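K.L.:
What follows is the file run.tsv, containing TSV, C-alpha atoms and all ligand atoms:
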chain	number	residue	atom	x	y	z
A	1	MET	CA	0.00	0.00	0.00
A	2	SER	CA	1.39	3.36	-0.97
A	3	GLY	CA	1.31	6.10	1.66
A	4	ASP	CA	-0.34	8.62	-0.64
A	5	ARG	CA	-3.59	6.57	-0.51
A	6	LEU	CA	-4.21	7.64	3.09
A	7	ARG	CA	-6.88	10.31	3.41
A	8	PRO	CA	-8.67	12.15	6.19
A	9	VAL	CA	-11.25	9.91	7.87
A	10	ALA	CA	-13.98	10.57	10.39
A	11	ALA	CA	-12.16	9.01	13.33
A	12	HIS	CA	-13.15	10.18	16.78
A	13	GLU	CA	-10.95	12.97	18.04
A	14	THR	CA	-9.64	10.83	20.88
A	15	ASP	CA	-8.59	8.07	18.46
A	16	GLY	CA	-5.78	10.34	17.31
A	17	ILE	CA	-5.96	9.11	13.70
A	18	PRO	CA	-5.57	12.05	11.28
A	19	ARG	CA	-5.41	9.91	8.12
A	20	ALA	CA	-6.24	6.30	7.27
A	21	LEU	CA	-7.53	3.96	4.60
A	22	ASP	CA	-11.32	3.67	4.30
A	23	LEU	CA	-12.89	1.03	6.58
A	24	GLY	CA	-9.79	1.22	8.74
A	25	MET	CA	-7.95	-1.43	6.74
A	26	ARG	CA	-4.28	-1.63	7.68
A	27	THR	CA	-1.34	-4.02	8.02
A	28	GLY	CA	-2.54	-7.55	8.74
A	29	PHE	CA	-5.96	-7.38	7.05
A	30	GLY	CA	-6.62	-10.51	4.97
A	31	ASP	CA	-5.56	-14.12	5.34
A	32	ASP	CA	-2.39	-16.13	4.92
A	33	ARG	CA	-2.62	-16.14	1.10
A	34	LEU	CA	-3.62	-12.55	0.41
A	35	SER	CA	-3.20	-9.78	2.91
A	36	VAL	CA	-2.41	-6.11	3.33
A	37	GLY	CA	1.26	-5.63	4.22
A	38	ALA	CA	3.18	-2.55	5.20
A	39	LEU	CA	2.49	1.02	4.13
A	40	LYS	CA	5.19	2.13	1.71
A	41	ILE	CA	6.22	5.75	1.92
A	42	TYR	CA	8.71	7.12	-0.62
A	43	THR	CA	11.19	9.64	0.73
A	44	ASP	CA	13.60	9.78	-2.24
A	45	GLY	CA	14.39	8.29	-5.66
A	46	GLY	CA	17.17	5.89	-6.62
A	47	MET	CA	20.88	5.59	-7.39
A	48	MET	CA	20.40	4.70	-11.06
A	49	ALA	CA	18.60	7.97	-11.80
A	50	ARG	CA	20.87	9.91	-9.38
A	51	THR	CA	17.75	10.86	-7.42
A	52	ALA	CA	18.63	9.13	-4.14
A	53	ALA	CA	18.87	12.00	-1.62
A	54	LEU	CA	22.42	12.35	-0.25
A	55	THR	CA	24.03	14.67	2.30
A	56	SER	CA	27.04	15.28	0.00
A	57	PRO	CA	26.96	15.54	-3.81
A	58	TYR	CA	27.30	12.59	-6.14
A	59	GLU	CA	30.92	12.08	-7.21
A	60	GLY	CA	31.45	14.09	-10.40
A	61	LEU	CA	28.04	15.81	-10.21
A	62	ASP	CA	27.04	19.08	-8.59
A	63	HIS	CA	23.84	17.88	-6.91
A	64	THR	CA	22.72	15.69	-4.01
A	65	GLY	CA	19.64	14.00	-5.51
A	66	GLN	CA	16.18	14.86	-4.26
A	67	LEU	CA	13.63	14.11	-1.59
A	68	GLN	CA	10.13	13.19	-2.81
A	69	ASP	CA	8.67	16.17	-0.98
A	70	ASP	CA	9.33	18.75	1.70
A	71	PRO	CA	10.78	16.89	4.75
A	72	GLU	CA	7.97	18.19	6.98
A	73	ILE	CA	5.31	16.78	4.62
A	74	LEU	CA	7.09	13.40	4.47
A	75	THR	CA	7.44	13.38	8.25
A	76	ASN	CA	3.73	14.08	8.75
A	77	LEU	CA	2.81	11.21	6.43
A	78	ILE	CA	5.10	8.80	8.28
A	79	VAL	CA	3.75	9.94	11.66
A	80	ASP	CA	0.13	9.69	10.50
A	81	GLY	CA	0.67	6.18	9.08
A	82	HIS	CA	2.13	5.15	12.44
A	83	LEU	CA	-0.78	6.71	14.35
A	84	ALA	CA	-3.28	4.88	12.10
A	85	GLY	CA	-1.76	1.55	13.12
A	86	TRP	CA	0.20	0.67	9.99
A	87	GLN	CA	3.51	-1.09	9.81
A	88	LEU	CA	5.65	1.32	7.81
A	89	ALA	CA	8.05	0.43	5.00
A	90	VAL	CA	9.84	3.71	4.41
A	91	HIS	CA	11.71	3.84	1.10
A	92	ALA	CA	15.03	5.59	1.77
A	93	ILE	CA	18.01	4.94	-0.49
A	94	GLY	CA	20.32	7.89	0.15
A	95	ASP	CA	21.67	8.85	3.59
A	96	ARG	CA	19.78	12.16	3.57
A	97	ALA	CA	16.53	10.27	2.98
A	98	ALA	CA	17.45	7.88	5.80
A	99	ASP	CA	17.90	10.93	8.10
A	100	VAL	CA	14.35	12.05	7.26
A	101	ALA	CA	12.99	8.52	7.80
A	102	LEU	CA	14.80	8.02	11.12
A	103	ASP	CA	13.79	11.47	12.43
A	104	ALA	CA	10.14	10.81	11.50
A	105	LEU	CA	10.06	7.30	12.98
A	106	ASP	CA	11.63	8.69	16.15
A	107	ARG	CA	8.94	11.37	16.37
A	108	ALA	CA	6.18	8.83	15.68
A	109	GLN	CA	7.34	6.44	18.40
A	110	ARG	CA	7.60	9.28	20.90
A	111	LEU	CA	4.06	10.43	20.14
A	112	ARG	CA	2.62	6.96	20.57
A	113	PRO	CA	5.01	4.12	21.41
A	114	ARG	CA	4.35	0.98	19.33
A	115	PRO	CA	7.34	-1.24	20.14
A	116	GLU	CA	5.87	-4.13	18.12
A	117	ALA	CA	5.25	-2.09	14.95
A	118	ARG	CA	8.44	-3.44	13.30
A	119	HIS	CA	8.84	-0.43	11.04
A	120	ARG	CA	11.30	-0.97	8.21
A	121	ILE	CA	13.56	1.18	6.10
A	122	GLU	CA	13.37	-0.23	2.60
A	123	HIS	CA	16.66	-0.26	0.66
A	124	ALA	CA	18.88	1.57	3.22
A	125	GLY	CA	21.21	1.93	0.24
A	126	LEU	CA	23.74	4.38	1.68
A	127	ILE	CA	23.96	4.48	5.47
A	128	ARG	CA	26.59	6.60	7.23
A	129	PRO	CA	28.36	5.14	10.29
A	130	ASP	CA	26.60	7.61	12.62
A	131	GLN	CA	23.18	6.43	11.44
A	132	LEU	CA	23.70	2.79	12.46
A	133	PRO	CA	23.08	3.29	16.21
A	134	ARG	CA	19.86	5.15	15.37
A	135	PHE	CA	18.46	2.13	13.49
A	136	ALA	CA	19.28	-0.02	16.52
A	137	ARG	CA	17.80	2.39	19.06
A	138	LEU	CA	14.54	2.70	17.12
A	139	GLY	CA	14.29	-1.04	16.41
A	140	VAL	CA	14.04	-0.31	12.68
A	141	SER	CA	15.05	-3.12	10.33
A	142	ALA	CA	17.14	-2.61	7.19
A	143	VAL	CA	15.51	-4.26	4.15
A	144	VAL	CA	18.32	-4.47	1.57
A	145	GLN	CA	18.51	-5.56	-2.08
A	146	PRO	CA	22.01	-7.01	-2.53
A	147	ASN	CA	21.38	-7.73	-6.21
A	148	PHE	CA	21.42	-3.98	-6.90
A	149	LEU	CA	25.13	-4.04	-6.09
A	150	ARG	CA	25.74	-7.33	-7.83
A	151	TYR	CA	24.45	-5.92	-11.12
A	152	PHE	CA	24.89	-2.13	-10.79
A	153	GLY	CA	27.62	-1.96	-8.15
A	154	ASP	CA	30.37	-0.68	-10.45
A	155	ASP	CA	28.24	2.35	-11.32
A	156	TYR	CA	27.05	2.90	-7.74
A	157	ALA	CA	30.59	2.68	-6.34
A	158	SER	CA	31.88	5.25	-8.84
A	159	ILE	CA	29.13	7.81	-8.12
A	160	MET	CA	29.67	7.42	-4.36
A	161	GLY	CA	33.48	7.66	-4.41
A	162	VAL	CA	36.00	5.80	-2.27
A	163	GLU	CA	34.87	7.05	1.14
A	164	ARG	CA	31.17	6.24	0.70
A	165	ALA	CA	31.26	3.13	-1.50
A	166	PRO	CA	31.75	0.79	1.50
A	167	TRP	CA	28.53	2.16	3.03
A	168	LEU	CA	26.43	0.84	0.12
A	169	TYR	CA	23.90	-1.88	0.97
A	170	ARG	CA	25.70	-2.87	4.13
A	171	GLY	CA	25.58	-6.29	5.76
A	172	ARG	CA	28.09	-6.78	8.59
A	173	ALA	CA	27.65	-3.31	10.11
A	174	PHE	CA	23.89	-3.79	10.48
A	175	LEU	CA	24.37	-7.14	12.21
A	176	ASP	CA	27.17	-5.84	14.46
A	177	HIS	CA	24.86	-3.07	15.65
A	178	GLY	CA	22.05	-5.53	16.42
A	179	ILE	CA	19.90	-4.28	13.53
A	180	ALA	CA	17.58	-6.77	11.85
A	181	LEU	CA	19.00	-7.35	8.34
A	182	VAL	CA	16.34	-8.46	5.86
A	183	GLY	CA	16.98	-9.67	2.30
A	184	SER	CA	14.70	-8.47	-0.49
A	185	SER	CA	14.70	-8.32	-4.29
A	186	ASP	CA	12.76	-5.19	-5.41
A	187	ARG	CA	11.79	-7.31	-8.40
A	188	PRO	CA	11.24	-6.40	-11.25
A	189	VAL	CA	13.67	-3.49	-10.76
A	190	ALA	CA	16.46	-6.00	-10.07
A	191	ASP	CA	17.05	-9.71	-10.50
A	192	GLY	CA	14.85	-11.74	-8.14
A	193	SER	CA	17.14	-14.66	-7.33
A	194	PRO	CA	17.72	-14.96	-3.57
A	195	LEU	CA	20.65	-17.34	-4.10
A	196	ARG	CA	22.53	-14.83	-6.25
A	197	ALA	CA	21.83	-12.20	-3.59
A	198	VAL	CA	23.10	-14.54	-0.86
A	199	GLN	CA	26.29	-15.01	-2.89
A	200	PHE	CA	26.74	-11.24	-3.11
A	201	MET	CA	26.16	-10.74	0.62
A	202	VAL	CA	29.04	-13.11	1.33
A	203	GLU	CA	31.59	-12.08	-1.32
A	204	ARG	CA	30.43	-8.51	-2.10
A	205	ALA	CA	31.56	-8.89	-5.72
A	206	SER	CA	29.78	-7.22	-8.65
A	207	THR	CA	29.37	-9.17	-11.89
A	208	SER	CA	32.59	-7.58	-13.20
A	209	GLY	CA	34.46	-8.90	-10.16
A	210	GLN	CA	34.85	-5.58	-8.34
A	211	VAL	CA	34.59	-6.07	-4.57
A	212	ILE	CA	32.51	-3.32	-2.93
A	213	GLY	CA	32.90	-2.78	0.82
A	214	PRO	CA	34.51	-6.15	1.64
A	215	ASP	CA	34.20	-5.45	5.38
A	216	GLU	CA	30.42	-5.65	4.93
A	217	GLY	CA	30.57	-9.34	3.92
A	218	ILE	CA	28.59	-11.75	6.10
A	219	THR	CA	28.52	-15.53	6.43
A	220	VAL	CA	26.35	-17.82	4.28
A	221	ASP	CA	24.26	-18.68	7.35
A	222	GLU	CA	23.70	-15.01	8.13
A	223	ALA	CA	22.69	-14.31	4.52
A	224	LEU	CA	20.27	-17.26	4.47
A	225	HIS	CA	18.83	-16.00	7.76
A	226	ALA	CA	18.24	-12.57	6.15
A	227	TYR	CA	16.21	-14.24	3.37
A	228	THR	CA	14.21	-16.61	5.58
A	229	VAL	CA	13.79	-16.07	9.32
A	230	ALA	CA	14.40	-12.31	9.24
A	231	GLY	CA	12.15	-11.84	6.21
A	232	ALA	CA	9.26	-13.66	7.88
A	233	HIS	CA	9.73	-11.65	11.07
A	234	ALA	CA	9.81	-8.37	9.14
A	235	CYS	CA	6.39	-9.25	7.70
A	236	HIS	CA	4.94	-10.41	11.07
A	237	TRP	CA	4.76	-13.93	9.60
A	238	GLU	CA	7.21	-15.64	11.96
A	239	ASP	CA	4.50	-17.96	13.31
A	240	SER	CA	3.87	-19.52	9.89
A	241	LEU	CA	6.94	-18.94	7.70
A	242	GLY	CA	10.72	-18.50	7.72
A	243	SER	CA	11.95	-21.83	9.06
A	244	LEU	CA	11.26	-25.55	8.82
A	245	THR	CA	9.47	-25.91	12.14
A	246	PRO	CA	6.52	-28.07	13.22
A	247	GLY	CA	3.34	-26.03	12.96
A	248	LYS	CA	4.55	-23.68	10.24
A	249	ARG	CA	3.50	-23.86	6.60
A	250	ALA	CA	5.76	-26.18	4.63
A	251	ASP	CA	6.77	-23.62	1.99
A	252	LEU	CA	10.24	-24.68	0.94
A	253	VAL	CA	12.64	-25.46	-1.86
A	254	VAL	CA	14.98	-28.40	-2.36
A	255	LEU	CA	18.38	-27.22	-3.60
A	256	GLY	CA	20.77	-29.18	-5.80
A	257	ASP	CA	23.70	-28.38	-3.50
A	258	ASP	CA	24.44	-27.00	-0.03
A	259	PRO	CA	25.18	-23.24	-0.15
A	260	ARG	CA	27.36	-23.63	2.94
A	261	ARG	CA	29.59	-26.22	1.28
A	262	VAL	CA	30.04	-25.13	-2.32
A	263	ASP	CA	32.59	-22.52	-3.31
A	264	THR	CA	31.06	-19.08	-2.61
A	265	SER	CA	31.30	-18.09	-6.28
A	266	ARG	CA	28.91	-20.97	-7.15
A	267	ILE	CA	26.10	-20.25	-4.67
A	268	GLY	CA	24.12	-18.22	-7.21
A	269	ASP	CA	24.15	-21.09	-9.71
A	270	ILE	CA	22.76	-23.76	-7.37
A	271	GLU	CA	19.75	-25.41	-8.98
A	272	VAL	CA	16.32	-25.26	-7.38
A	273	VAL	CA	15.26	-28.91	-7.76
A	274	GLU	CA	11.81	-28.78	-6.20
A	275	THR	CA	9.42	-26.22	-4.78
A	276	TYR	CA	6.82	-27.01	-2.13
A	277	VAL	CA	3.93	-24.74	-1.24
A	278	ASP	CA	2.05	-25.69	1.92
A	279	GLY	CA	3.65	-29.15	1.79
A	280	ARG	CA	2.63	-29.89	-1.80
A	281	PRO	CA	5.13	-30.05	-4.68
A	282	ARG	CA	4.67	-27.41	-7.39
A	283	ARG	CA	6.17	-27.97	-10.79
A	284	PRO	CA	6.66	-25.29	-13.41
A	285	ARG	CA	4.10	-25.44	-16.24
A	286	VAL	CA	5.72	-26.37	-19.54
B	301	ZN	ZN	11.41	1.35	-2.86
Take the structure in this file and express it as structure tokens.
Ligand SMILES: [Zn+2]
P.N.:
Amino acid sequence: MSGDRLRPVAAHETDGIPRALDLGMRTGFGDDRLSVGALKIYTDGGMMARTAALTSPYEGLDHTGQLQDDPEILTNLIVDGHLAGWQLAVHAIGDRAADVALDALDRAQRLRPRPEARHRIEHAGLIRPDQLPRFARLGVSAVVQPNFLRYFGDDYASIMGVERAPWLYRGRAFLDHGIALVGSSDRPVADGSPLRAVQFMVERASTSGQVIGPDEGITVDEALHAYTVAGAHACHWEDSLGSLTPGKRADLVVLGDDPRRVDTSRIGDIEVVETYVDGRPRRPRV
């Protein structure tokens, strides 16, 4: 759900809900096959178009990207979404956008604490060192798309320059700060393969072989966790998905090899042999 769909509703004054979706629908409405997820709020653009909002200019350009709107307007939307009971997925790619998102989430949680909201920052593409403790303090998860760097990393690293390139789509730093690291694809903007993304999270190598921020590499187990357990938790689905556990839905794949045993450079090429949905095998239609 996109944040701009919220509109003034006739909530009682004491409900403290300035804006909402009609009928009060919000995160969690639906069932386990089709449901309303988080409210997505766009604070900036993207690296490819040089519209991700940065605090310092792009390398070789004389601008810093752009926010989607005046910071006060974005902040009010984030706060109102929080007050209306939504889980928020705040799109912030540049570090300036992340400042806006973190400031707004801070304000929202002060106004009405919702420790179980599990708000997320989607992308978290360029995060300065000083911003990491703020994620942790606010309990905000970082939902990253490692395949952006696998396929576009050479370009991204050059427009960030040597100081900032290691801050792109971090892994290790999030985990070291106790921040929930969640793997995502942003398909169809980028390639959807989780195994190729897992490979990148471990080796941090773009398709040309350039290693971007090697200190941000994580282990295979940590990367698999980001795409399974952490992903389910970020969607409030940890009771039914994310791990092979009695009582959960048996949604799983059988892989042709063990990602923890093959050479890292081969993880992305491991074959998916079988796919099970709710315990039943699903075969591709031919
Ligand atoms: Zn986005």
K.L.:
Of the candidates A:Tyr156, A:Trp237, A:Phe174, A:Phe148, which one gets nearest to Ser193 (chain A) if we count only C-alpha atoms?
P.N.:
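The closest residue to Ser193 (chain A) is A:Phe148.
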K.L.:
Just the number, please: distance in Å from CA of Val9 (chain A) to CA of Arg112 (chain A), one decimal.
P.N.:
19.0 Å
K.L.:
All residues within 7 Å of ligand ZN 301 (chain B) are required, counting only C-alpha atoms and all ligand atoms; please report them as a PDB file with C-alpha atoms, in the coordinates of the input.
P.N.:
ATOM      1  CA  TYR A  42       8.710   7.120  -0.620  1.00  0.00           C
ATOM      2  CA  HIS A  91      11.710   3.840   1.100  1.00  0.00           C
ATOM      3  CA  GLU A 122      13.370  -0.230   2.600  1.00  0.00           C
ATOM      4  CA  HIS A 123      16.660  -0.260   0.660  1.00  0.00           C
TER       5      HIS A 123
END
K.L.:
So that I can check the surroundings of Gln109 (chain A), please list as JSON, numbers by chain every protein, DNA and RNA residue that reaches within 9 Å of it, counting all atoms listed in the file and ignoring chain neighbours fewer than 6 positions away.
P.N.:
{"A": [79, 82, 115, 138]}
K.L.:
Taking all atoms listed in the file into account, name the residue in A:Pro71, A:Glu274, A:Ala97, A:Asp155 that is nearest to Ser208 (chain A).
P.N.:
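Going through A:Pro71, A:Glu274, A:Ala97, A:Asp155 one by one, the smallest distance to Ser208 (chain A) is for A:Asp155.
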K.L.:
CA of Ile121 (chain A) and CA of Pro146 (chain A) are how many Å apart?
P.N.:
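Result for CA of Ile121 (chain A) versus CA of Pro146 (chain A): 14.6 Å, one decimal.
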K.L.:
Between A:Ala234, A:Met201, A:Ile17, A:Leu241, which is the closest to Leu168 (chain A) once you count all atoms listed in the file?
P.N.:
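Nearest candidate to Leu168 (chain A) out of A:Ala234, A:Met201, A:Ile17, A:Leu241: A:Met201.
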K.L.:
Name the closest residue to Ile73 (chain A) among the candidates A:Asp186, A:Asp4, A:Asp251, A:Glu238; distances are taken between atoms, counting only C-alpha atoms.
P.N.:
A:Asp4
K.L.:
I'd like to know which of A:Val277, A:Ile267, A:Ala165, A:Val182 is closest to Val253 (chain A), using all atoms listed in the file.
P.N.:
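Ranking A:Val277, A:Ile267, A:Ala165, A:Val182 by distance to Val253 (chain A), first place goes to A:Val277.
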K.L.:
Please write as a count of residues only the list of polymer residues whose atoms come within 12 Å of (21.1, 0.7, -1.3), counting only C-alpha atoms and keeping to the coordinates of the file.
P.N.:
50
K.L.:
Find the distance between CA of Gln87 (chain A) and CA of His119 (chain A) and write it in Å to one decimal.
P.N.:
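Value for the CA of Gln87 (chain A)-CA of His119 (chain A) distance: 5.5 Å.
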K.L.:
Would you pick out the contacts of Gly139 (chain A) at 10 Å or less, using all atoms listed in the file, so that residues sharing its chain but fewer than 4 positions from it are not included, and give the list as an mmCIF file with C-alpha atoms, in the coordinates of the input?
P.N.:
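Result file is selection01.cif:
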data_model
loop_
_atom_site.group_PDB
_atom_site.id
_atom_site.type_symbol
_atom_site.label_atom_id
_atom_site.label_comp_id
_atom_site.auth_asym_id
_atom_site.auth_seq_id
_atom_site.Cartn_x
_atom_site.Cartn_y
_atom_site.Cartn_z
ATOM 1 C CA LEU A 105 10.060 7.300 12.980
ATOM 2 C CA PRO A 115 7.340 -1.240 20.140
ATOM 3 C CA GLU A 116 5.870 -4.130 18.120
ATOM 4 C CA ALA A 117 5.250 -2.090 14.950
ATOM 5 C CA ARG A 118 8.440 -3.440 13.300
ATOM 6 C CA HIS A 119 8.840 -0.430 11.040
ATOM 7 C CA ARG A 120 11.300 -0.970 8.210
ATOM 8 C CA PRO A 133 23.080 3.290 16.210
ATOM 9 C CA ARG A 134 19.860 5.150 15.370
ATOM 10 C CA PHE A 135 18.460 2.130 13.490
ATOM 11 C CA GLY A 178 22.050 -5.530 16.420
ATOM 12 C CA ILE A 179 19.900 -4.280 13.530
ATOM 13 C CA ALA A 180 17.580 -6.770 11.850
#
K.L.:
Which of these, A:Leu23, A:Leu83, A:Ile41, A:Ile218, has the shortest distance to Glu203 (chain A) once you count only C-alpha atoms?
P.N.:
A:Ile218
K.L.:
Hey, what's within 10 Å of Gly217 (chain A) if we count all atoms listed in the file and toss same-chain stuff fewer than 3 positions away? As a list in words, please?
P.N.:
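Counting all atoms listed in the file, the residues come to Arg170, Gly171, Arg172, Ala173, Gln199, Phe200, Met201, Val202, Glu203, Arg204, Ala205, Val211, Ile212, Gly213, Pro214, Val220, Glu222 and Ala223 of chain A.
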K.L.:
Skipping near chain neighbours, those fewer than 5 positions away, what residues fall within 9 Å of Asp80 (chain A) using all atoms listed in the file, listed as an MDAnalysis selection string?
P.N.:
chainID A and resid 6 17:20 75 85 108
K.L.:
Atoms to include: C-alpha atoms. Write the selected residues as a PDB file, in the coordinates of the input.
P.N.:
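Output file selection_35.pdb is given in full below:
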ATOM      1  CA  LEU A   6      -4.210   7.640   3.090  1.00  0.00           C
ATOM      2  CA  ILE A  17      -5.960   9.110  13.700  1.00  0.00           C
ATOM      3  CA  PRO A  18      -5.570  12.050  11.280  1.00  0.00           C
ATOM      4  CA  ARG A  19      -5.410   9.910   8.120  1.00  0.00           C
ATOM      5  CA  ALA A  20      -6.240   6.300   7.270  1.00  0.00           C
ATOM      6  CA  THR A  75       7.440  13.380   8.250  1.00  0.00           C
ATOM      7  CA  GLY A  85      -1.760   1.550  13.120  1.00  0.00           C
ATOM      8  CA  ALA A 108       6.180   8.830  15.680  1.00  0.00           C
TER       9      ALA A 108
END
K.L.:
Quick one: everything within 6 Å of Leu255 (chain A), counting only C-alpha atoms, minus sequence neighbours fewer than 2 positions away in the same chain. Send it as a list of chain:residue names.
P.N.:
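That gives A:Asp257, A:Glu271, A:Val272, A:Val273.
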